[in-house]
file my_file.cif (mmCIF, C-alpha atoms)
data_structure
#
loop_
_atom_site.group_PDB
_atom_site.id
_atom_site.type_symbol
_atom_site.label_atom_id
_atom_site.label_comp_id
_atom_site.auth_asym_id
_atom_site.auth_seq_id
_atom_site.Cartn_x
_atom_site.Cartn_y
_atom_site.Cartn_z
ATOM 1 C CA MET A 1 217.391 268.013 119.974
ATOM 2 C CA VAL A 2 216.552 264.940 122.076
ATOM 3 C CA ASN A 3 214.314 265.564 125.087
ATOM 4 C CA VAL A 4 215.980 264.369 128.291
ATOM 5 C CA LEU A 5 212.678 263.255 129.791
ATOM 6 C CA ASP A 6 211.865 261.171 126.704
ATOM 7 C CA VAL A 7 215.273 259.454 126.876
ATOM 8 C CA SER A 8 214.801 258.779 130.581
ATOM 9 C CA PHE A 9 211.347 257.315 129.998
ATOM 10 C CA LEU A 10 212.649 255.021 127.263
ATOM 11 C CA TYR A 11 215.499 253.948 129.524
ATOM 12 C CA MET A 12 213.099 253.066 132.342
ATOM 13 C CA VAL A 13 210.847 251.082 130.008
ATOM 14 C CA GLY A 14 213.846 249.185 128.638
ATOM 15 C CA GLN A 15 215.118 248.471 132.136
ATOM 16 C CA ALA A 16 211.693 247.160 133.218
ATOM 17 C CA ILE A 17 211.606 244.778 130.251
ATOM 18 C CA LEU A 18 215.174 243.622 130.904
ATOM 19 C CA LEU A 19 214.521 242.914 134.594
ATOM 20 C CA ALA A 20 211.252 241.145 133.758
ATOM 21 C CA VAL A 21 213.157 238.831 131.410
ATOM 22 C CA LEU A 22 215.969 238.183 133.903
ATOM 23 C CA ALA A 23 213.807 237.761 137.024
ATOM 24 C CA PRO A 24 212.849 234.095 136.393
ATOM 25 C CA PHE A 25 216.524 233.290 135.799
ATOM 26 C CA ILE A 26 217.500 234.847 139.150
ATOM 27 C CA ALA A 27 214.711 232.918 140.892
ATOM 28 C CA GLY A 28 215.925 229.684 139.289
ATOM 29 C CA LEU A 29 219.531 230.476 140.220
ATOM 30 C CA ILE A 30 218.549 230.937 143.869
ATOM 31 C CA LYS A 31 216.773 227.576 143.870
ATOM 32 C CA LYS A 32 219.759 225.877 142.239
ATOM 33 C CA ILE A 33 222.320 227.297 144.676
ATOM 34 C CA LYS A 34 220.076 226.462 147.617
ATOM 35 C CA ALA A 35 219.746 222.872 146.408
ATOM 36 C CA ARG A 36 223.513 222.525 145.994
ATOM 37 C CA LEU A 37 224.123 223.832 149.511
ATOM 38 C CA GLN A 38 221.681 221.194 150.779
ATOM 39 C CA ASN A 39 223.417 218.410 148.804
ATOM 40 C CA ARG A 40 220.510 218.097 146.379
ATOM 41 C CA ARG A 41 220.479 218.197 142.607
ATOM 42 C CA GLY A 42 217.555 220.595 142.499
ATOM 43 C CA PRO A 43 215.693 221.988 139.486
ATOM 44 C CA GLY A 44 217.465 223.507 136.522
ATOM 45 C CA ILE A 45 218.296 227.194 136.403
ATOM 46 C CA PHE A 46 215.709 227.752 133.663
ATOM 47 C CA GLN A 47 212.956 225.781 135.389
ATOM 48 C CA VAL A 48 211.020 228.943 136.319
ATOM 49 C CA TYR A 49 210.774 229.835 132.618
ATOM 50 C CA TYR A 50 209.313 226.397 131.902
ATOM 51 C CA ASP A 51 206.836 226.770 134.766
ATOM 52 C CA LEU A 52 205.701 230.169 133.506
ATOM 53 C CA HIS A 53 205.313 228.825 129.968
ATOM 54 C CA LYS A 54 203.170 225.971 131.268
ATOM 55 C CA LEU A 55 200.998 228.299 133.365
ATOM 56 C CA PHE A 56 200.416 230.792 130.545
ATOM 57 C CA LEU A 57 199.198 227.993 128.277
ATOM 58 C CA LYS A 58 196.485 227.029 130.774
ATOM 59 C CA ASP A 59 193.137 228.673 131.408
ATOM 60 C CA SER A 60 192.294 230.087 134.817
ATOM 61 C CA VAL A 61 189.697 228.302 136.935
ATOM 62 C CA VAL A 62 187.618 230.938 138.721
ATOM 63 C CA SER A 63 185.127 230.427 141.521
ATOM 64 C CA PRO A 64 181.623 231.764 140.758
ATOM 65 C CA THR A 65 181.579 233.595 144.104
ATOM 66 C CA VAL A 66 184.479 235.975 143.389
ATOM 67 C CA SER A 67 184.094 239.604 142.314
ATOM 68 C CA TRP A 68 186.044 241.820 139.920
ATOM 69 C CA ILE A 69 188.762 242.282 142.557
ATOM 70 C CA PHE A 70 189.900 238.683 142.123
ATOM 71 C CA SER A 71 190.199 239.219 138.359
ATOM 72 C CA VAL A 72 192.135 242.500 138.361
ATOM 73 C CA ALA A 73 194.472 241.742 141.297
ATOM 74 C CA PRO A 74 197.034 239.729 139.228
ATOM 75 C CA PHE A 75 197.237 242.530 136.651
ATOM 76 C CA ILE A 76 197.700 245.243 139.294
ATOM 77 C CA TYR A 77 200.271 243.120 141.139
ATOM 78 C CA PHE A 78 202.211 242.530 137.911
ATOM 79 C CA ALA A 79 201.960 246.188 136.841
ATOM 80 C CA ALA A 80 203.218 247.330 140.248
ATOM 81 C CA ALA A 81 206.208 244.980 139.981
ATOM 82 C CA LEU A 82 206.998 246.271 136.477
ATOM 83 C CA GLY A 83 206.724 249.848 137.707
ATOM 84 C CA ALA A 84 209.158 249.105 140.523
ATOM 85 C CA ALA A 85 211.537 247.516 137.998
ATOM 86 C CA ALA A 86 211.397 250.702 135.917
ATOM 87 C CA LEU A 87 212.202 252.941 138.895
ATOM 88 C CA VAL A 88 214.969 250.928 140.539
ATOM 89 C CA PRO A 89 218.422 252.503 140.013
ATOM 90 C CA GLY A 90 220.126 249.625 138.235
ATOM 91 C CA LEU A 91 222.597 250.790 135.596
ATOM 92 C CA THR A 92 222.631 254.342 136.897
ATOM 93 C CA SER A 93 225.299 255.462 134.433
ATOM 94 C CA LEU A 94 222.643 255.295 131.678
ATOM 95 C CA MET A 95 220.075 257.295 133.641
ATOM 96 C CA PRO A 96 220.070 260.972 132.695
ATOM 97 C CA GLU A 97 219.851 263.383 135.606
ATOM 98 C CA ILE A 98 216.146 264.194 135.937
ATOM 99 C CA GLY A 99 215.934 264.714 139.698
ATOM 100 C CA SER A 100 213.295 262.944 141.759
ATOM 101 C CA ARG A 101 210.245 263.840 139.712
ATOM 102 C CA PHE A 102 209.778 260.337 138.294
ATOM 103 C CA VAL A 103 212.387 258.238 140.119
ATOM 104 C CA ASP A 104 211.446 258.681 143.758
ATOM 105 C CA LEU A 105 211.890 256.526 146.861
ATOM 106 C CA PHE A 106 208.321 256.966 148.075
ATOM 107 C CA MET A 107 206.841 256.148 144.679
ATOM 108 C CA LEU A 108 208.758 252.874 144.702
ATOM 109 C CA LEU A 109 207.450 252.010 148.175
ATOM 110 C CA TYR A 110 203.895 252.929 147.142
ATOM 111 C CA LEU A 111 204.113 250.458 144.259
ATOM 112 C CA PHE A 112 205.145 247.683 146.669
ATOM 113 C CA VAL A 113 202.214 248.535 148.953
ATOM 114 C CA LEU A 114 199.755 248.718 146.035
ATOM 115 C CA GLY A 115 200.609 245.233 144.799
ATOM 116 C CA ARG A 116 200.493 243.721 148.280
ATOM 117 C CA PHE A 117 197.159 245.381 149.086
ATOM 118 C CA PHE A 118 195.316 244.071 146.031
ATOM 119 C CA LEU A 119 196.776 240.576 146.353
ATOM 120 C CA ALA A 120 195.713 240.383 149.998
ATOM 121 C CA LEU A 121 192.284 241.767 149.069
ATOM 122 C CA ALA A 122 191.911 239.096 146.375
ATOM 123 C CA SER A 123 192.776 236.369 148.873
ATOM 124 C CA LEU A 124 189.830 237.484 151.010
ATOM 125 C CA ASP A 125 187.558 237.867 147.977
ATOM 126 C CA ALA A 126 187.850 234.174 147.104
ATOM 127 C CA GLY A 127 186.167 233.188 150.386
ATOM 128 C CA SER A 128 188.694 230.433 151.071
ATOM 129 C CA SER A 129 189.827 229.840 154.631
ATOM 130 C CA PHE A 130 193.400 229.330 153.458
ATOM 131 C CA GLY A 131 193.289 232.521 151.388
ATOM 132 C CA GLY A 132 191.968 234.544 154.286
ATOM 133 C CA MET A 133 194.624 233.102 156.572
ATOM 134 C CA GLY A 134 197.391 233.904 154.092
ATOM 135 C CA GLY A 135 196.093 237.435 153.510
ATOM 136 C CA ALA A 136 195.840 238.135 157.234
ATOM 137 C CA ARG A 137 199.372 236.860 157.823
ATOM 138 C CA GLU A 138 200.699 238.895 154.899
ATOM 139 C CA MET A 139 199.243 242.140 156.230
ATOM 140 C CA PHE A 140 200.455 241.270 159.729
ATOM 141 C CA ILE A 141 204.005 240.947 158.388
ATOM 142 C CA ALA A 142 203.623 244.030 156.166
ATOM 143 C CA VAL A 143 202.835 246.245 159.156
ATOM 144 C CA LEU A 144 206.212 245.280 160.608
ATOM 145 C CA VAL A 145 208.193 245.294 157.352
ATOM 146 C CA GLU A 146 207.202 248.667 155.906
ATOM 147 C CA PRO A 147 208.612 250.827 158.751
ATOM 148 C CA ALA A 148 211.879 248.873 158.627
ATOM 149 C CA ILE A 149 212.375 249.264 154.871
ATOM 150 C CA LEU A 150 211.486 252.964 155.086
ATOM 151 C CA LEU A 151 213.997 253.601 157.888
ATOM 152 C CA ALA A 152 216.751 251.707 156.056
ATOM 153 C CA LEU A 153 216.271 253.638 152.812
ATOM 154 C CA LEU A 154 215.871 256.969 154.589
ATOM 155 C CA THR A 155 219.365 256.456 155.988
ATOM 156 C CA VAL A 156 220.706 256.743 152.445
ATOM 157 C CA ALA A 157 218.239 259.511 151.524
ATOM 158 C CA PHE A 158 219.343 261.694 154.443
ATOM 159 C CA ARG A 159 222.930 261.563 153.195
ATOM 160 C CA THR A 160 221.918 262.959 149.818
ATOM 161 C CA HIS A 161 219.205 265.322 151.148
ATOM 162 C CA SER A 162 216.971 263.910 148.434
ATOM 163 C CA SER A 163 214.506 261.062 147.992
ATOM 164 C CA GLY A 164 215.506 260.617 144.348
ATOM 165 C CA LEU A 165 216.772 257.096 143.784
ATOM 166 C CA THR A 166 219.328 258.232 141.206
ATOM 167 C CA ALA A 167 220.914 260.680 143.654
ATOM 168 C CA MET A 168 220.823 258.070 146.436
ATOM 169 C CA ALA A 169 222.631 255.546 144.246
ATOM 170 C CA GLY A 170 225.345 258.043 143.407
ATOM 171 C CA VAL A 171 226.359 258.720 147.009
ATOM 172 C CA GLY A 172 226.549 255.171 148.356
ATOM 173 C CA ALA A 173 230.054 254.457 147.086
ATOM 174 C CA ASP A 174 231.613 257.154 149.287
ATOM 175 C CA GLU A 175 230.311 255.831 152.608
ATOM 176 C CA SER A 176 231.263 252.159 152.604
ATOM 177 C CA SER A 177 232.724 252.151 156.140
ATOM 178 C CA ALA A 178 230.049 254.229 157.872
ATOM 179 C CA LEU A 179 228.448 252.636 160.927
ATOM 180 C CA ALA A 180 225.052 253.948 159.871
ATOM 181 C CA LEU A 181 225.325 252.185 156.523
ATOM 182 C CA ILE A 182 226.180 248.898 158.234
ATOM 183 C CA PHE A 183 223.099 249.136 160.471
ATOM 184 C CA ALA A 184 220.918 250.063 157.493
ATOM 185 C CA ALA A 185 222.332 247.200 155.416
ATOM 186 C CA ALA A 186 221.515 244.667 158.134
ATOM 187 C CA ALA A 187 217.999 246.099 158.467
ATOM 188 C CA PHE A 188 217.360 246.008 154.721
ATOM 189 C CA PHE A 189 218.664 242.459 154.384
ATOM 190 C CA ILE A 190 216.159 241.271 157.009
ATOM 191 C CA VAL A 191 213.449 243.124 155.067
ATOM 192 C CA LEU A 192 214.669 241.481 151.846
ATOM 193 C CA ILE A 193 214.209 238.049 153.406
ATOM 194 C CA ALA A 194 210.709 238.909 154.631
ATOM 195 C CA GLU A 195 209.540 240.640 151.438
ATOM 196 C CA SER A 196 210.795 237.740 149.303
ATOM 197 C CA SER A 197 208.757 235.279 151.438
ATOM 198 C CA ARG A 198 211.831 233.272 152.366
ATOM 199 C CA ILE A 199 213.021 231.323 155.376
ATOM 200 C CA PRO A 200 212.960 232.086 158.291
ATOM 201 C CA VAL A 201 209.889 234.342 157.803
ATOM 202 C CA ASP A 202 208.133 232.258 155.135
ATOM 203 C CA ASN A 203 208.831 229.220 152.995
ATOM 204 C CA PRO A 204 208.247 229.733 149.246
ATOM 205 C CA ASP A 205 208.250 225.976 148.572
ATOM 206 C CA THR A 206 205.605 224.835 151.046
ATOM 207 C CA HIS A 207 201.858 224.317 150.832
ATOM 208 C CA LEU A 208 201.339 223.396 154.489
ATOM 209 C CA GLU A 209 198.511 225.434 155.988
ATOM 210 C CA LEU A 210 200.398 225.990 159.252
ATOM 211 C CA THR A 211 203.399 227.668 157.604
ATOM 212 C CA MET A 212 202.410 229.241 154.278
ATOM 213 C CA VAL A 213 201.860 232.977 153.944
ATOM 214 C CA HIS A 214 202.329 234.040 150.324
ATOM 215 C CA GLU A 215 201.246 230.647 148.995
ATOM 216 C CA GLY A 216 198.038 230.904 151.035
ATOM 217 C CA MET A 217 197.079 234.134 149.276
ATOM 218 C CA VAL A 218 197.519 232.709 145.763
ATOM 219 C CA LEU A 219 196.120 229.250 146.462
ATOM 220 C CA GLU A 220 192.872 229.997 144.586
ATOM 221 C CA TYR A 221 194.679 231.204 141.458
ATOM 222 C CA SER A 222 195.581 229.028 138.491
ATOM 223 C CA GLY A 223 196.602 229.248 134.853
ATOM 224 C CA ARG A 224 197.618 232.593 133.362
ATOM 225 C CA TRP A 225 196.687 234.602 136.437
ATOM 226 C CA LEU A 226 198.891 232.438 138.643
ATOM 227 C CA GLY A 227 201.674 232.785 136.085
ATOM 228 C CA MET A 228 201.441 236.573 136.312
ATOM 229 C CA ILE A 229 201.668 236.440 140.108
ATOM 230 C CA VAL A 230 204.671 234.090 140.064
ATOM 231 C CA TRP A 231 206.403 236.270 137.485
ATOM 232 C CA ALA A 232 205.660 239.476 139.402
ATOM 233 C CA THR A 233 206.986 237.938 142.630
ATOM 234 C CA ALA A 234 210.257 237.090 140.891
ATOM 235 C CA ILE A 235 210.504 240.656 139.526
ATOM 236 C CA LYS A 236 209.879 242.129 142.974
ATOM 237 C CA GLU A 237 212.582 239.933 144.486
ATOM 238 C CA LEU A 238 215.088 241.025 141.831
ATOM 239 C CA VAL A 239 214.213 244.690 142.444
ATOM 240 C CA LEU A 240 214.891 244.282 146.166
ATOM 241 C CA ILE A 241 218.207 242.543 145.443
ATOM 242 C CA ILE A 242 219.262 245.397 143.149
ATOM 243 C CA LEU A 243 218.295 247.965 145.782
ATOM 244 C CA PHE A 244 220.387 246.155 148.375
ATOM 245 C CA SER A 245 223.326 245.789 145.981
ATOM 246 C CA THR A 246 223.203 249.435 144.905
ATOM 247 C CA PHE A 247 222.699 251.159 148.261
ATOM 248 C CA PHE A 248 224.293 248.833 150.807
ATOM 249 C CA LEU A 249 227.111 247.118 148.917
ATOM 250 C CA PRO A 250 228.928 250.252 147.729
ATOM 251 C CA TRP A 251 232.225 250.226 145.886
ATOM 252 C CA PRO A 252 234.279 253.140 144.573
ATOM 253 C CA ILE A 253 233.650 252.957 140.813
ATOM 254 C CA VAL A 254 234.320 256.579 139.909
ATOM 255 C CA GLY A 255 236.103 256.692 136.573
ATOM 256 C CA TRP A 256 235.316 253.082 135.702
ATOM 257 C CA SER A 257 234.138 252.145 132.219
ATOM 258 C CA PHE A 258 230.539 251.173 131.569
ATOM 259 C CA SER A 259 231.376 247.472 131.132
ATOM 260 C CA ALA A 260 233.327 247.451 134.416
ATOM 261 C CA LYS A 261 230.346 248.981 136.227
ATOM 262 C CA VAL A 262 228.059 246.300 134.781
ATOM 263 C CA VAL A 263 230.404 243.531 135.918
ATOM 264 C CA MET A 264 230.582 245.067 139.395
ATOM 265 C CA LEU A 265 226.775 245.271 139.651
ATOM 266 C CA VAL A 266 226.393 241.653 138.534
ATOM 267 C CA GLY A 267 229.016 240.581 141.073
ATOM 268 C CA LYS A 268 227.198 242.362 143.892
ATOM 269 C CA ILE A 269 223.900 240.764 142.854
ATOM 270 C CA LEU A 270 225.507 237.305 142.895
ATOM 271 C CA LEU A 271 226.956 238.044 146.338
ATOM 272 C CA CYS A 272 223.509 238.996 147.610
ATOM 273 C CA ILE A 273 222.007 235.823 146.112
ATOM 274 C CA ALA A 274 224.674 233.726 147.845
ATOM 275 C CA ALA A 275 223.840 235.385 151.168
ATOM 276 C CA ILE A 276 220.104 234.701 150.723
ATOM 277 C CA THR A 277 220.627 231.036 149.921
ATOM 278 C CA LEU A 278 223.057 230.650 152.820
ATOM 279 C CA VAL A 279 220.528 232.097 155.276
ATOM 280 C CA GLU A 280 217.827 229.775 153.949
ATOM 281 C CA THR A 281 220.139 226.786 154.311
ATOM 282 C CA VAL A 282 221.370 227.375 157.872
ATOM 283 C CA THR A 283 218.055 228.525 159.417
ATOM 284 C CA ASN A 284 214.646 226.962 159.970
ATOM 285 C CA LYS A 285 211.143 228.324 159.419
ATOM 286 C CA MET A 286 210.302 230.625 162.306
ATOM 287 C CA ARG A 287 207.039 230.327 164.195
ATOM 288 C CA LEU A 288 204.595 233.091 163.346
ATOM 289 C CA PHE A 289 204.488 234.561 166.854
ATOM 290 C CA LYS A 290 208.296 234.979 166.742
ATOM 291 C CA VAL A 291 208.259 236.939 163.468
ATOM 292 C CA PRO A 292 207.422 240.309 165.140
ATOM 293 C CA GLY A 293 210.569 240.083 167.263
ATOM 294 C CA PHE A 294 212.661 239.235 164.206
ATOM 295 C CA LEU A 295 211.300 242.154 162.192
ATOM 296 C CA ALA A 296 211.515 244.468 165.198
ATOM 297 C CA VAL A 297 215.271 243.940 165.052
ATOM 298 C CA ALA A 298 215.230 245.286 161.482
ATOM 299 C CA ALA A 299 213.238 248.351 162.540
ATOM 300 C CA LEU A 300 215.565 248.955 165.480
ATOM 301 C CA LEU A 301 218.636 248.663 163.259
ATOM 302 C CA GLY A 302 217.083 251.117 160.806
ATOM 303 C CA LEU A 303 216.403 253.569 163.631
ATOM 304 C CA LEU A 304 219.971 253.178 164.926
ATOM 305 C CA ALA A 305 221.256 253.823 161.401
ATOM 306 C CA ILE A 306 219.459 257.165 161.279
ATOM 307 C CA VAL A 307 220.607 258.126 164.774
ATOM 308 C CA ALA A 308 224.212 257.106 163.999
ATOM 309 C CA GLN A 309 224.537 259.630 161.161
#
call {"tool": "encode", "arguments": {"input": "my_file.cif", "output": "structure tokens"}}
result
Amino acid sequence: MVNVLDVSFLYMVGQAILLAVLAPFIAGLIKKIKARLQNRRGPGIFQVYYDLHKLFLKDSVVSPTVSWIFSVAPFIYFAAALGAAALVPGLTSLMPEIGSRFVDLFMLLYLFVLGRFFLALASLDAGSSFGGMGGAREMFIAVLVEPAILLALLTVAFRTHSSGLTAMAGVGADESSALALIFAAAAFFIVLIAESSRIPVDNPDTHLELTMVHEGMVLEYSGRWLGMIVWATAIKELVLIILFSTFFLPWPIVGWSFSAKVVMLVGKILLCIAAITLVETVTNKMRLFKVPGFLAVAALLGLLAIVAQ
């Protein structure tokens, strides 16, 4: 007799590998759509794969002043992203019902915080002024982002009376017109923009010291370690997109076949990608002192979503 926990564990490992393989493609697709909206040719869809291949073939140049924190941070950041990819409720029809023992909302958020903490710590460990500036800005934004993402996801958790991600994913399709879900969706989308280091909060394509946040933290990295960070960032972005598509773009799929559910999930992911690229195209990089007001809107919307239930 097959153990349900063993099957669930194998499913989560397989899902983590699948999302890790697809994450660079999604990152390249976002860049391509963004370029087309801006009337540019842009890089190819598979360019991120080529960049990762080039980085993993190079050795890392390490400053003699850094400690062990600088060396282990890329591995912890990548492991945290893989762990989040394993927990995210993607193809929930394959996930056996195991409650919230392993697939839990707070565990997913802890993994996000763990990766951010060590990457910010490594930026300070290098002793670079740019790294310290990027790390300080990242933690400044994180203080504002984490309450907003927690409030948005708790809106869905309160409906199910459980913090299990599998249970939360199963209830979203029945509440598509709820006012609370609309508020929570708007809050989470703002968080998605901020956590993905995208305009108007950050610009993933810049190296200007006055505007960069995430790029400032990883400026001292090179070679394989930089490749791991770039890859992990793409995985984290895909995980956030799947969370948004699963919880806040519900659709009644009860009784649908497995292939139809997969097509629906892919369609919702593409819709979310189109929204991200559209926001990046029609907005400009926001000044840092205006970011708290922008993220405060997300927190307020998340609070209104909980109150509106």
call {"tool": "atom_distance", "arguments": {"input": "my_file.cif", "atom1": "atom CA of A:Lys34", "atom2": "atom CA of A:Leu278"}}
result
7.3 Å
call {"tool": "closest_residue", "arguments": {"input": "my_file.cif", "among": "A:Ala234, A:Ala85, A:Ala299, A:Val307", "to": "A:Ala27", "atoms": "only C-alpha atoms"}}
result
A:Ala234
call {"tool": "atom_distance", "arguments": {"input": "my_file.cif", "atom1": "atom CA of A:Tyr77", "atom2": "atom CA of A:Ser63"}}
result
19.8 Å
call {"tool": "resolve_selection", "arguments": {"input": "my_file.cif", "expression": "the PyMOL selection byres ((chain A and resi 147-156) around 8)", "output": "number ranges by chain"}}
result
A: 105, 143-146, 157-160, 163, 168, 172, 180-181, 184-185, 187-188, 191, 247, 295-296, 298-300, 302-303, 305-306, 309
call {"tool": "write_last_selection", "arguments": {"input": "my_file.cif", "atoms": "C-alpha atoms", "output": "PDB file, keeping the file's coordinate frame"}}
result
ATOM      1  CA  LEU A 105     211.890 256.526 146.861  1.00  0.00           C
ATOM      2  CA  VAL A 143     202.835 246.245 159.156  1.00  0.00           C
ATOM      3  CA  LEU A 144     206.212 245.280 160.608  1.00  0.00           C
ATOM      4  CA  VAL A 145     208.193 245.294 157.352  1.00  0.00           C
ATOM      5  CA  GLU A 146     207.202 248.667 155.906  1.00  0.00           C
ATOM      6  CA  ALA A 157     218.239 259.511 151.524  1.00  0.00           C
ATOM      7  CA  PHE A 158     219.343 261.694 154.443  1.00  0.00           C
ATOM      8  CA  ARG A 159     222.930 261.563 153.195  1.00  0.00           C
ATOM      9  CA  THR A 160     221.918 262.959 149.818  1.00  0.00           C
ATOM     10  CA  SER A 163     214.506 261.062 147.992  1.00  0.00           C
ATOM     11  CA  MET A 168     220.823 258.070 146.436  1.00  0.00           C
ATOM     12  CA  GLY A 172     226.549 255.171 148.356  1.00  0.00           C
ATOM     13  CA  ALA A 180     225.052 253.948 159.871  1.00  0.00           C
ATOM     14  CA  LEU A 181     225.325 252.185 156.523  1.00  0.00           C
ATOM     15  CA  ALA A 184     220.918 250.063 157.493  1.00  0.00           C
ATOM     16  CA  ALA A 185     222.332 247.200 155.416  1.00  0.00           C
ATOM     17  CA  ALA A 187     217.999 246.099 158.467  1.00  0.00           C
ATOM     18  CA  PHE A 188     217.360 246.008 154.721  1.00  0.00           C
ATOM     19  CA  VAL A 191     213.449 243.124 155.067  1.00  0.00           C
ATOM     20  CA  PHE A 247     222.699 251.159 148.261  1.00  0.00           C
ATOM     21  CA  LEU A 295     211.300 242.154 162.192  1.00  0.00           C
ATOM     22  CA  ALA A 296     211.515 244.468 165.198  1.00  0.00           C
ATOM     23  CA  ALA A 298     215.230 245.286 161.482  1.00  0.00           C
ATOM     24  CA  ALA A 299     213.238 248.351 162.540  1.00  0.00           C
ATOM     25  CA  LEU A 300     215.565 248.955 165.480  1.00  0.00           C
ATOM     26  CA  GLY A 302     217.083 251.117 160.806  1.00  0.00           C
ATOM     27  CA  LEU A 303     216.403 253.569 163.631  1.00  0.00           C
ATOM     28  CA  ALA A 305     221.256 253.823 161.401  1.00  0.00           C
ATOM     29  CA  ILE A 306     219.459 257.165 161.279  1.00  0.00           C
ATOM     30  CA  GLN A 309     224.537 259.630 161.161  1.00  0.00           C
TER      31      GLN A 309
END
call {"tool": "resolve_selection", "arguments": {"input": "my_file.cif", "expression": "the PyMOL selection byres ((chain A and resi 238) around 9)", "output": "ChimeraX atom specification"}}
result
/A:19-20,22-23,26-27,85,233-237,239-243,269
call {"tool": "write_last_selection", "arguments": {"input": "my_file.cif", "atoms": "C-alpha atoms", "output": "mmCIF file, keeping the file's coordinate frame"}}
result
data_model
loop_
_atom_site.group_PDB
_atom_site.id
_atom_site.type_symbol
_atom_site.label_atom_id
_atom_site.label_comp_id
_atom_site.auth_asym_id
_atom_site.auth_seq_id
_atom_site.Cartn_x
_atom_site.Cartn_y
_atom_site.Cartn_z
ATOM 1 C CA LEU A 19 214.521 242.914 134.594
ATOM 2 C CA ALA A 20 211.252 241.145 133.758
ATOM 3 C CA LEU A 22 215.969 238.183 133.903
ATOM 4 C CA ALA A 23 213.807 237.761 137.024
ATOM 5 C CA ILE A 26 217.500 234.847 139.150
ATOM 6 C CA ALA A 27 214.711 232.918 140.892
ATOM 7 C CA ALA A 85 211.537 247.516 137.998
ATOM 8 C CA THR A 233 206.986 237.938 142.630
ATOM 9 C CA ALA A 234 210.257 237.090 140.891
ATOM 10 C CA ILE A 235 210.504 240.656 139.526
ATOM 11 C CA LYS A 236 209.879 242.129 142.974
ATOM 12 C CA GLU A 237 212.582 239.933 144.486
ATOM 13 C CA VAL A 239 214.213 244.690 142.444
ATOM 14 C CA LEU A 240 214.891 244.282 146.166
ATOM 15 C CA ILE A 241 218.207 242.543 145.443
ATOM 16 C CA ILE A 242 219.262 245.397 143.149
ATOM 17 C CA LEU A 243 218.295 247.965 145.782
ATOM 18 C CA ILE A 269 223.900 240.764 142.854
#
call {"tool": "atom_distance", "arguments": {"input": "my_file.cif", "atom1": "atom CA of A:Glu195", "atom2": "atom CA of A:Glu215"}}
result
13.2 Å
call {"tool": "resolve_selection", "arguments": {"input": "my_file.cif", "expression": "the PyMOL selection byres ((chain A and resi 198) around 12)", "output": "count of residues only"}}
result
38
call {"tool": "closest_residue", "arguments": {"input": "my_file.cif", "among": "A:Arg36, A:Lys261, A:Arg224, A:Lys290", "to": "A:Lys54", "atoms": "only C-alpha atoms"}}
result
A:Arg224
call {"tool": "residues_near_point", "arguments": {"input": "my_file.cif", "point": "(192.4, 245.0, 145.4)", "cutoff": "10 Å", "atoms": "all atoms listed in the file", "output": "MDAnalysis selection string"}}
result
chainID A and resid 68:74 76:77 114:125
call {"tool": "residues_around", "arguments": {"input": "my_file.cif", "residues": "stretch 37-50 of chain A", "least_positions_apart": "3", "cutoff": "7 Å", "atoms": "only C-alpha atoms", "output": "list in words"}}
result
Pro24, Phe25, Gly28, Leu29, Lys32, Ile33, Lys34, His53, Lys54 and Thr281 of chain A
call {"tool": "residues_around", "arguments": {"input": "my_file.cif", "residues": "A:Ser60", "least_positions_apart": "3", "cutoff": "7 Å", "atoms": "all atoms listed in the file", "output": "PyMOL selection string"}}
result
chain A and resi 222-225
call {"tool": "write_last_selection", "arguments": {"input": "my_file.cif", "atoms": "C-alpha atoms", "output": "mmCIF file, in the frame of the given file"}}
result
data_model
loop_
_atom_site.group_PDB
_atom_site.id
_atom_site.type_symbol
_atom_site.label_atom_id
_atom_site.label_comp_id
_atom_site.auth_asym_id
_atom_site.auth_seq_id
_atom_site.Cartn_x
_atom_site.Cartn_y
_atom_site.Cartn_z
ATOM 1 C CA SER A 222 195.581 229.028 138.491
ATOM 2 C CA GLY A 223 196.602 229.248 134.853
ATOM 3 C CA ARG A 224 197.618 232.593 133.362
ATOM 4 C CA TRP A 225 196.687 234.602 136.437
#
call {"tool": "closest_residue", "arguments": {"input": "my_file.cif", "among": "A:Gly135, A:Phe112, A:Ala80, A:Thr246", "to": "A:Val262", "atoms": "only C-alpha atoms"}}
result
A:Thr246
call {"tool": "closest_residue", "arguments": {"input": "my_file.cif", "among": "A:Ile273, A:Ala260, A:Val291, A:Val230", "to": "A:Leu55", "atoms": "only C-alpha atoms"}}
result
A:Val230
call {"tool": "closest_residue", "arguments": {"input": "my_file.cif", "among": "A:Leu219, A:Ala79, A:Val266, A:Ala186", "to": "A:Ser129", "atoms": "only C-alpha atoms"}}
result
A:Leu219
call {"tool": "build_atoms", "arguments": {"input": "my_file.cif", "residues": "stretch 189-193 of chain A", "atoms": "N, CA and C atoms", "output": "PDB file, keeping the file's coordinate frame"}}
result
ATOM      1  N   PHE A 189     218.534 243.877 154.738  1.00  0.00           N
ATOM      2  CA  PHE A 189     218.664 242.459 154.384  1.00  0.00           C
ATOM      3  C   PHE A 189     217.585 241.629 155.075  1.00  0.00           C
ATOM      4  N   ILE A 190     217.265 241.954 156.329  1.00  0.00           N
ATOM      5  CA  ILE A 190     216.159 241.271 157.009  1.00  0.00           C
ATOM      6  C   ILE A 190     214.849 241.528 156.270  1.00  0.00           C
ATOM      7  N   VAL A 191     214.649 242.778 155.835  1.00  0.00           N
ATOM      8  CA  VAL A 191     213.449 243.124 155.067  1.00  0.00           C
ATOM      9  C   VAL A 191     213.424 242.366 153.740  1.00  0.00           C
ATOM     10  N   LEU A 192     214.576 242.229 153.107  1.00  0.00           N
ATOM     11  CA  LEU A 192     214.669 241.481 151.846  1.00  0.00           C
ATOM     12  C   LEU A 192     214.222 240.036 152.022  1.00  0.00           C
ATOM     13  N   ILE A 193     214.633 239.424 153.119  1.00  0.00           N
ATOM     14  CA  ILE A 193     214.209 238.049 153.406  1.00  0.00           C
ATOM     15  C   ILE A 193     212.698 237.968 153.587  1.00  0.00           C
TER      16      ILE A 193
END
